[in-house]
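Here the structure comes first, spelled out in C-alpha cells, and everything after it is commentary.
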Protein chains: 2
Amino acid sequence: MSSTTTTRVAACQLAPTVGDLPANAEVSATAVRTAISAGADVVVLPELVTSGYVFSSPEEARGVAVTPEHGVFAAWAAACTARDGAVVVGGFCELGDDGLLYNSAAVVDASGVRAVYRKAHLWDREKLVFTPGSSAPPVVDTAHGRIAVMVCYDLEFPEWTRTAALPTAERPGADLIAVPTNWPLVPRPAGERVPEVVIAMAAARVNHVAIACADRSGTERGVDWNEGTSIVSADGWVVSEVGAGTGVAWADLDLAASRDKRLTEHAHLLDDRRPELYGAVV
Amino acid sequence: MSSTTTTRVAACQLAPTVGDLPANAEVSATAVRTAISAGADVVVLPELVTSGYVFSSPEEARGVAVTPEHGVFAAWAAACTARDGAVVVGGFCELGDDGLLYNSAAVVDASGVRAVYRKAHLWDREKLVFTPGSSAPPVVDTAHGRIAVMVCYDLEFPEWTRTAALPTAERPGADLIAVPTNWPLVPRPAGERVPEVVIAMAAARVNHVAIACADRSGTERGVDWNEGTSIVSADGWVVSEVGAGTGVAWADLDLAASRDKRLTEHAHLLDDRRPELYGAVV
C-alpha cells in the first residue's frame, strides 16, 4: 500500500469509435494522462476501449485486435510515470497467442502490463466473436493495494465477485475490483439506478470490497449505453458517478479498509460463509 | 401453479413483543387472516415473529421456543383455508427434537406445515442462542409455484440465494424466495434504500427470481429496525414497500415468469455461469 491511506480513483466514461484503433489509442491515452495529471492513483477505462464494441463481424474485431505488446499499453504505462504508483485498468480486444480473440482487460503501471484478464462470462453476441477466458480475475499487488479486474457481464455473477474478494491459500482478496464495462441501454423505472450499478453495490457490500465501474458513452451502430460509470465504496454506497455523456467519476477511497471483513463482535462477512453447504452452486 | 398467472403477495411488517408467545401468536394469526381476507395468496411474516428477537438470555429464548406442532402453525393453516391455495411463510424460535434452539421459518398452507427451514447464517449474537441450520433452503411446490425460504442474514450470502434459485437434478429452482427478517437499524446515506433491500434487488436480478422480505417494526430493548419490508420483482425492482411502522406491502406477481432465465438470444442467466471456474468459493 502507499504511505497514505487514501487512493484517488478515476473511472473514465469515454466514447471510443468502433474499428478505429489509432483514434481509440489516443482517446484512452489522453484520458489516462489527464486523470493522472489531475491526481488519479488508479484510472479505470471502459471495456474494449481500444476497439469499440458493436462489431459488424468477427473479421472487423480481428482487424483491431492487439496483443499486450501493443503501443497503446506502452502509452498508458508512460502516463503512469507522471505519478508514483499510478495504475491503469482498461479493456481491449485481444489477439491471443493462440490466434483466438478475447474480450480482455489489462492492468498497467509504470513498469508496463502487470496482468491481462480474459472475460469469462461473454454477453450475448460477444459469443460469436470472442473465446471466453478460463482463469479467475487476477488480483494484482500494486502500490495502492490489491486490484482485481473483471469485465462487464462478469460482475453479474456473484460467484465471480466473490472469487475476486475472497482470500484463499493461493491468492489474496481484492481491495478494489476494477470493472471496464460497456452496458447497453436497458429500461429502468424512474428514479432507479442503472441495474448493473445496483448489482455492484450489493457485490461491494456483501464482500466489503470497493468497486469502480467505467462504462462508455456515444451511440454506436444504433446502440446506446446506460452511462453508468460509478465508484462504489466497500460499504456498498455509490460515492461518485458520471451520468450522461463522457466524464470522469472521482473518489478518494481507503482501500486498506476493504480488508476488514468484520461487521460486529460476532459477525464476519467471510467467516460467516458456509462453504460446506454451497456444493449445489458449483 | 394456480389457474391465473398472478399471485398476490403480502409481506407483513409487524411488531411482535419479545418473550410473549401468546400475544405474538395472536398478532401473527391476525395478520395472516387479515391479509388472506384481503386477497393474499402468499403471506410473508417477519423472522422470529412468534418470539421477538432481542433475547436477554438463551433461557429466555428457550422459554418461547416451539415445535412445528405448536398451535400457532395450526392457526396460520386455518387462516389459509379461507382462500384456495394460500401459503404463509413466517419465522419462529424452534425447539428442535434434538433439544437445540434454531432460528427457523415455516412454510404453511391449509394442509399444515409443509417445510421448516433453519437459518444457516446466524447474525452476531444469535450465535450465543441458536444452532445454525445445515440444510439448503427448501423449495416448496405450492399452489402458487415454487416458494423457497431463507432468513434475514442468509440473504446476504449470494451463494444462498443462488442455491435457492438454481435448478439441480435434486431440486427445482425457486419462483419466489420468501425472507422473514429482522433488520436492525443501520445508517444509510440520504435517499438510499435499506442496504439489505439493495442486496435483495441484486439477488433477484442476477437469478431472475422474485423476493419478498418481511421486516419488523417496534423498538425492542433499545433496538430499532430498518423497517425495510419490500417485494422485489424477478427483474430486480422494488414493486412494493411498507416504510416506517407496521403495515403490509402488496404485489401482484407473475411467478411463472421467474422460470424464464433467458435474457437475449445468446444470453441466459444460469447457462452463462461457469461453475467449473468457481471452485475457489466453496
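Following the order of the C-alpha cells, chains are lettered A, B, ..., residues in each are numbered from 1, and ligands are numbered from 1.
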
Long-range neighbours of B:Asp260 as a list in words, 12 Å cut-off, only C-alpha atoms, 3 positions minimum in chain: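 So, after excluding close chain neighbours, the residues are Ala165, Leu166, Pro167, Gly173, Ala174, Asp175, Asn207, His208, Val209, Ala234, Asp235, Asp254, Leu255, Ala256, Ala257, Leu263, Thr264, Ala267, His268, Leu269, Leu270 and Asp271 of chain B.
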
8 Å contacts from chain A to chain B using only C-alpha atoms, as a PyMOL selection string: chain A and resi 120-125+127+134-136+156-160+162-163+166+168+189+195+198-199+201-203+206+236-237+264-267+272-282

DSSP-assigned strand (DSSP E) members of stretch 17-222 of chain B, reported as a VMD selection string: chain B and resid 42 to 44 87 to 95 101 to 109 112 to 118 139 to 142 145 to 149 176 to 180 210 to 214

Backbone DSSP call of alpha helix (DSSP H) for stretch 55-277 of chain A, listed as a ChimeraX atom specification: /A:58-63,71-80,158-165,195-207

Export of the given selection (N, CA and C atoms) as a short mmCIF file (atom, residue, chain, number, x, y, z; two decimals), in the first residue's frame:
data_model
loop_
_atom_site.label_atom_id
_atom_site.label_comp_id
_atom_site.auth_asym_id
_atom_site.auth_seq_id
_atom_site.Cartn_x
_atom_site.Cartn_y
_atom_site.Cartn_z
N PRO A 58 -16.81 -10.88 -36.91
CA PRO A 58 -15.57 -11.26 -36.23
C PRO A 58 -14.34 -10.71 -36.95
N GLU A 59 -14.43 -10.60 -38.26
CA GLU A 59 -13.27 -10.11 -39.02
C GLU A 59 -12.97 -8.66 -38.64
N GLU A 60 -14.03 -7.88 -38.46
CA GLU A 60 -13.79 -6.49 -38.06
C GLU A 60 -13.07 -6.43 -36.71
N ALA A 61 -13.50 -7.30 -35.78
CA ALA A 61 -12.84 -7.32 -34.47
C ALA A 61 -11.37 -7.74 -34.62
N ARG A 62 -11.15 -8.73 -35.46
CA ARG A 62 -9.78 -9.21 -35.65
C ARG A 62 -8.88 -8.09 -36.21
N GLY A 63 -9.49 -7.25 -37.02
CA GLY A 63 -8.71 -6.16 -37.62
C GLY A 63 -8.20 -5.14 -36.61
N GLY A 71 1.55 -0.77 -28.64
CA GLY A 71 1.96 0.54 -28.16
C GLY A 71 0.96 1.24 -27.27
N VAL A 72 -0.34 0.88 -27.38
CA VAL A 72 -1.32 1.57 -26.54
C VAL A 72 -1.03 1.33 -25.06
N PHE A 73 -0.55 0.14 -24.74
CA PHE A 73 -0.26 -0.15 -23.33
C PHE A 73 1.02 0.57 -22.89
N ALA A 74 1.96 0.70 -23.82
CA ALA A 74 3.16 1.49 -23.52
C ALA A 74 2.79 2.94 -23.26
N ALA A 75 1.79 3.43 -23.99
CA ALA A 75 1.35 4.81 -23.77
C ALA A 75 0.70 4.97 -22.40
N TRP A 76 -0.13 3.99 -22.02
CA TRP A 76 -0.73 4.04 -20.68
C TRP A 76 0.38 3.98 -19.61
N ALA A 77 1.35 3.08 -19.83
CA ALA A 77 2.44 2.94 -18.86
C ALA A 77 3.25 4.23 -18.77
N ALA A 78 3.50 4.84 -19.91
CA ALA A 78 4.26 6.10 -19.90
C ALA A 78 3.51 7.17 -19.10
N ALA A 79 2.20 7.19 -19.25
CA ALA A 79 1.40 8.16 -18.49
C ALA A 79 1.53 7.92 -16.99
N CYS A 80 1.69 6.67 -16.63
CA CYS A 80 1.79 6.32 -15.20
C CYS A 80 3.08 6.85 -14.57
N PRO A 158 -22.36 -13.43 -9.03
CA PRO A 158 -21.80 -13.18 -7.69
C PRO A 158 -20.69 -14.16 -7.33
N GLU A 159 -20.66 -15.30 -8.00
CA GLU A 159 -19.54 -16.21 -7.77
C GLU A 159 -18.22 -15.54 -8.18
N TRP A 160 -18.29 -14.65 -9.16
CA TRP A 160 -17.06 -14.07 -9.70
C TRP A 160 -16.54 -12.93 -8.82
N THR A 161 -17.47 -12.09 -8.35
CA THR A 161 -17.04 -11.05 -7.42
C THR A 161 -16.54 -11.68 -6.12
N ARG A 162 -17.20 -12.75 -5.69
CA ARG A 162 -16.73 -13.46 -4.50
C ARG A 162 -15.32 -14.02 -4.74
N THR A 163 -15.12 -14.60 -5.90
CA THR A 163 -13.80 -15.15 -6.23
C THR A 163 -12.74 -14.06 -6.13
N ALA A 164 -13.05 -12.87 -6.60
CA ALA A 164 -12.06 -11.78 -6.57
C ALA A 164 -11.80 -11.30 -5.15
N ALA A 165 -12.82 -11.33 -4.32
CA ALA A 165 -12.71 -10.73 -2.98
C ALA A 165 -12.21 -11.70 -1.92
N PRO A 195 -29.28 -0.81 -13.45
CA PRO A 195 -29.36 -2.08 -12.71
C PRO A 195 -28.00 -2.70 -12.40
N GLU A 196 -27.06 -2.57 -13.31
CA GLU A 196 -25.74 -3.14 -13.04
C GLU A 196 -25.05 -2.41 -11.88
N VAL A 197 -25.40 -1.16 -11.67
CA VAL A 197 -24.83 -0.43 -10.52
C VAL A 197 -25.43 -0.96 -9.22
N VAL A 198 -26.71 -1.30 -9.25
CA VAL A 198 -27.32 -1.93 -8.07
C VAL A 198 -26.60 -3.24 -7.76
N ILE A 199 -26.29 -3.99 -8.80
CA ILE A 199 -25.56 -5.25 -8.60
C ILE A 199 -24.16 -4.97 -8.04
N ALA A 200 -23.52 -3.93 -8.51
CA ALA A 200 -22.19 -3.57 -7.98
C ALA A 200 -22.28 -3.17 -6.52
N MET A 201 -23.32 -2.42 -6.16
CA MET A 201 -23.49 -2.01 -4.76
C MET A 201 -23.63 -3.23 -3.84
N ALA A 202 -24.44 -4.19 -4.28
CA ALA A 202 -24.63 -5.39 -3.46
C ALA A 202 -23.34 -6.20 -3.37
N ALA A 203 -22.64 -6.33 -4.51
CA ALA A 203 -21.39 -7.10 -4.51
C ALA A 203 -20.36 -6.44 -3.61
N ALA A 204 -20.31 -5.11 -3.63
CA ALA A 204 -19.37 -4.40 -2.76
C ALA A 204 -19.70 -4.66 -1.30
N ARG A 205 -20.97 -4.55 -0.96
CA ARG A 205 -21.36 -4.66 0.44
C ARG A 205 -21.20 -6.07 0.99
N VAL A 206 -21.60 -7.07 0.22
CA VAL A 206 -21.52 -8.43 0.77
C VAL A 206 -20.09 -8.96 0.81
N ASN A 207 -19.20 -8.31 0.08
CA ASN A 207 -17.79 -8.70 0.11
C ASN A 207 -16.90 -7.68 0.82
#

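Here atom CA of A:Ala15 stands at a distance of 23.8 Å from atom CA of A:Ala148.
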
Length of the atom CA of A:Thr131 to atom CA of A:Asp98 vector [Å]: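 Interatomic distance here is 10.7 Å.
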
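Going from atom CA of A:Gly245 over to atom CA of B:Ala190, you cover 25.4 Å.
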
Please, which residues in stretch 31-114 of chain B fall within 8 Å of stretch 210-224 of chain B when counting only C-alpha atoms, and what is the closest atom pair and distance in Å to one decimal for each, ordered by chain then residue number, as JSON lines?
{"residue": "B:Val44", "atom": "CA", "partner": "B:Ala214", "partner_atom": "CA", "distance": 5.9}
{"residue": "B:Leu45", "atom": "CA", "partner": "B:Ala214", "partner_atom": "CA", "distance": 5.4}
{"residue": "B:Pro46", "atom": "CA", "partner": "B:Ala214", "partner_atom": "CA", "distance": 4.9}
{"residue": "B:Glu47", "atom": "CA", "partner": "B:Asp215", "partner_atom": "CA", "distance": 7.3}
{"residue": "B:Tyr53", "atom": "CA", "partner": "B:Glu220", "partner_atom": "CA", "distance": 7.9}
{"residue": "B:Val54", "atom": "CA", "partner": "B:Glu220", "partner_atom": "CA", "distance": 6.6}

Just write the chosen residues, N, CA and C atoms, as a tab-separated table (two decimals), in the first residue's frame.
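Heads up, here's the output in out.tsv:
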chain	number	residue	atom	x	y	z
B	44	VAL	N	-46.08	-13.34	3.86
B	44	VAL	CA	-44.75	-13.48	4.48
B	44	VAL	C	-44.74	-12.68	5.77
B	45	LEU	N	-44.29	-13.33	6.84
B	45	LEU	CA	-44.21	-12.71	8.18
B	45	LEU	C	-42.75	-12.55	8.56
B	46	PRO	N	-42.46	-11.71	9.56
B	46	PRO	CA	-41.05	-11.49	9.94
B	46	PRO	C	-40.38	-12.72	10.56
B	47	GLU	N	-39.08	-12.61	10.66
B	47	GLU	CA	-38.24	-13.54	11.42
B	47	GLU	C	-38.69	-13.55	12.89
B	53	TYR	N	-37.09	-10.82	19.15
B	53	TYR	CA	-35.71	-11.04	18.69
B	53	TYR	C	-34.64	-10.82	19.77
B	54	VAL	N	-34.76	-9.74	20.52
B	54	VAL	CA	-33.63	-9.33	21.38
B	54	VAL	C	-33.72	-10.06	22.72

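Each of B:His70, B:Arg8, B:Arg83, B:Arg114 was compared to B:Leu253 using only C-alpha atoms, and B:Arg8 turns out to be the nearest.
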
Given only C-alpha atoms as the counted atoms, nearest of A:Val149, A:Leu48, A:Val232, A:Ala82 to A:Arg33: A:Ala82

From A:Thr30, A:Ser230, A:Thr142, A:Thr17, residue lying nearest A:Ala115 [only C-alpha atoms]: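 Closest residue, counting only C-alpha atoms: A:Thr142.
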
Polymer residues at most 10 Å from B:Val64, only C-alpha atoms, same-chain spacing of 2 or more positions, as a VMD selection string: chain B and resid 18 to 22 50 to 52 59 to 62 66 92 to 95

Among listed residues A:Ser57, A:Thr67, A:Ser258, A:Asn182, nearest A:Phe130 (using only C-alpha atoms):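 Selected residue with least distance to A:Phe130: A:Ser57.
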